[in-house]
Amino acid sequence: MKLKVLSYNIHKGFNLWGAELTLHKIKQALRETGADLLFLQEVVGENHQWSRNYSNYPAQAQFEFLADEVWPHYAYGKNAVFPTRNHGNAILSRYPIQSFENYNLSLHKWESRGLLFAEIYIPEIKKTLNTATTHINLRESDRAKQVAHICEILSKRVSPDKDLILTGDFNDWMRKVSTPLRERLSLQEAHFLQYGHYGSTFPSVYPFLKLDRIYSRHHRVNHAEILKDSPWANLSDHLPLLVEFDLKKD
């Protein structure tokens, strides 16, 4: 069975410069990818100011608006919480989410981070996928601590013989995240496996930083690509990463 997985930092539904609300365009573009699972970062749960200032701002949370009828199952991990707004990570799925849990990875009050873990059941092959998405800090020393925490969480949640998909915005321009993920969780990055290098995803208009990743274990990568053609460069500050995996029964 083929499974399409997409990871994308949607920049709270605004373009690179924050000048245009692009959420409606993002919704249409995501539908056209044919992805089965969406792992999204910087997703807004609520923002009372934007709902007042933008006439076309959706009444529901961004993850519900994007999911609509295409991805009927979703989970949201609220990380940054303020009196009138919040945002975090989200998972949208064509398949039932059996359970999910949001883990706090925050090290400072000015960078609220989390790891959203979900068990997703694929009825066609009677298989439960272990998945997670994250968005970690800008400073290298912080990222090292957060990756160690992620390894600790996932090693306890998922036994080594079980499959695992980990996605997100790792802010890893130093390219140091993959080593502990490989050594402690046996994870391999899909784009790197196919091309020998990570995909350039930031900034969207002229991407040269390789920040976004899709890691997996016990899955064969059929195809990996950065979505950089129109309209993606004008939708967010990041570009999405799309990967097609082969799935097998347990």
# chains A, B, ... in the order shown; residues from 1 in each chain; ligands from 1
call {"tool": "residues_around", "arguments": {"residues": "Ser200 in chain A", "least_positions_apart": "4", "cutoff": "8 Å", "atoms": "only C-alpha atoms", "output": "count of residues only"}}
result
7
call {"tool": "closest_residue", "arguments": {"among": "A:Asn86, A:Asn9, A:Ser93, A:Gln188", "to": "Trp71 in chain A", "atoms": "only C-alpha atoms"}}
result
A:Ser93
call {"tool": "closest_residue", "arguments": {"among": "A:Asn171, A:Asn15, A:Ser155, A:Ser230", "to": "Arg139 in chain A", "atoms": "only C-alpha atoms"}}
result
A:Asn171
call {"tool": "select_by_dssp", "arguments": {"residues": "range 5-250 of chain A", "states": "strand (DSSP E)", "output": "number ranges by chain"}}
result
A: 5-9, 37-47, 73-82, 85-93, 97-104, 114-122, 127-135, 164-169, 188-189, 212-217, 220-226, 241-246
call {"tool": "closest_residue", "arguments": {"among": "A:His197, A:Lys4, A:Arg52, A:Lys162", "to": "Leu30 in chain A", "atoms": "only C-alpha atoms"}}
result
A:Lys4
call {"tool": "closest_residue", "arguments": {"among": "A:Ile125, A:Val44, A:Ala118, A:Ala67", "to": "Val158 in chain A", "atoms": "only C-alpha atoms"}}
result
A:Ala118
call {"tool": "atom_distance", "arguments": {"atom1": "CA of Lys176 in chain A", "atom2": "CA of Phe192 in chain A"}}
result
13.5 Å
call {"tool": "residues_around", "arguments": {"residues": "Lys145 in chain A", "least_positions_apart": "6", "cutoff": "10 Å", "atoms": "only C-alpha atoms", "output": "ChimeraX atom specification"}}
result
/A:105,107,136-137,151
call {"tool": "write_last_selection", "arguments": {"atoms": "C-alpha atoms", "output": "PDB file, in the first residue's frame"}}
result
ATOM      1  CA  LEU A 105       9.281  20.464  24.801  1.00  0.00           C
ATOM      2  CA  LEU A 107      12.759  25.314  27.371  1.00  0.00           C
ATOM      3  CA  ILE A 136      11.875  22.859  17.775  1.00  0.00           C
ATOM      4  CA  ASN A 137      13.978  25.833  18.834  1.00  0.00           C
ATOM      5  CA  CYS A 151      14.193  10.360  21.592  1.00  0.00           C
TER       6      CYS A 151
END
call {"tool": "residues_around", "arguments": {"residues": "Asp36 in chain A", "least_positions_apart": "2", "cutoff": "9 Å", "atoms": "only C-alpha atoms", "output": "MDAnalysis selection string"}}
result
chainID A and resid 3:6 34 38 70:71 92:95
call {"tool": "select_by_dssp", "arguments": {"residues": "range 7-199 of chain A", "states": "alpha helix (DSSP H)", "output": "PyMOL selection string"}}
result
chain A and resi 23-33+48-53+62-67+140-157+178-185+190-195
call {"tool": "residues_around", "arguments": {"residues": "Glu225 in chain A", "least_positions_apart": "5", "cutoff": "9 Å", "atoms": "only C-alpha atoms", "output": "PDB file with C-alpha atoms, in the first residue's frame"}}
result
ATOM      1  CA  HIS A 191      14.660  13.153   1.175  1.00  0.00           C
ATOM      2  CA  GLY A 199      15.530  19.354   0.979  1.00  0.00           C
ATOM      3  CA  PRO A 240       6.218  21.595   2.103  1.00  0.00           C
ATOM      4  CA  LEU A 241       7.967  18.243   1.962  1.00  0.00           C
ATOM      5  CA  LEU A 242       5.956  15.385   0.401  1.00  0.00           C
ATOM      6  CA  VAL A 243       6.982  11.720   0.669  1.00  0.00           C
TER       7      VAL A 243
END
call {"tool": "residues_around", "arguments": {"residues": "Thr134 in chain A", "least_positions_apart": "6", "cutoff": "8 Å", "atoms": "only C-alpha atoms", "output": "tab-separated table (two decimals) with C-alpha atoms, in the first residue's frame"}}
result
chain	number	residue	atom	x	y	z
A	41	GLN	CA	3.40	23.33	12.26
A	89	ASN	CA	1.18	21.51	15.72
A	113	ARG	CA	7.38	23.96	21.61
A	114	GLY	CA	5.78	20.54	21.59
A	115	LEU	CA	5.79	17.03	20.16
A	116	LEU	CA	2.39	15.81	18.95
A	166	LEU	CA	8.63	11.70	12.72
A	167	THR	CA	8.14	14.96	10.85
A	168	GLY	CA	8.45	18.67	11.39
A	169	ASP	CA	10.33	21.93	11.28
A	170	PHE	CA	13.62	21.09	13.02
call {"tool": "closest_residue", "arguments": {"among": "A:Ser112, A:Thr33, A:Asn130, A:Ser7", "to": "Leu239 in chain A", "atoms": "only C-alpha atoms"}}
result
A:Ser7
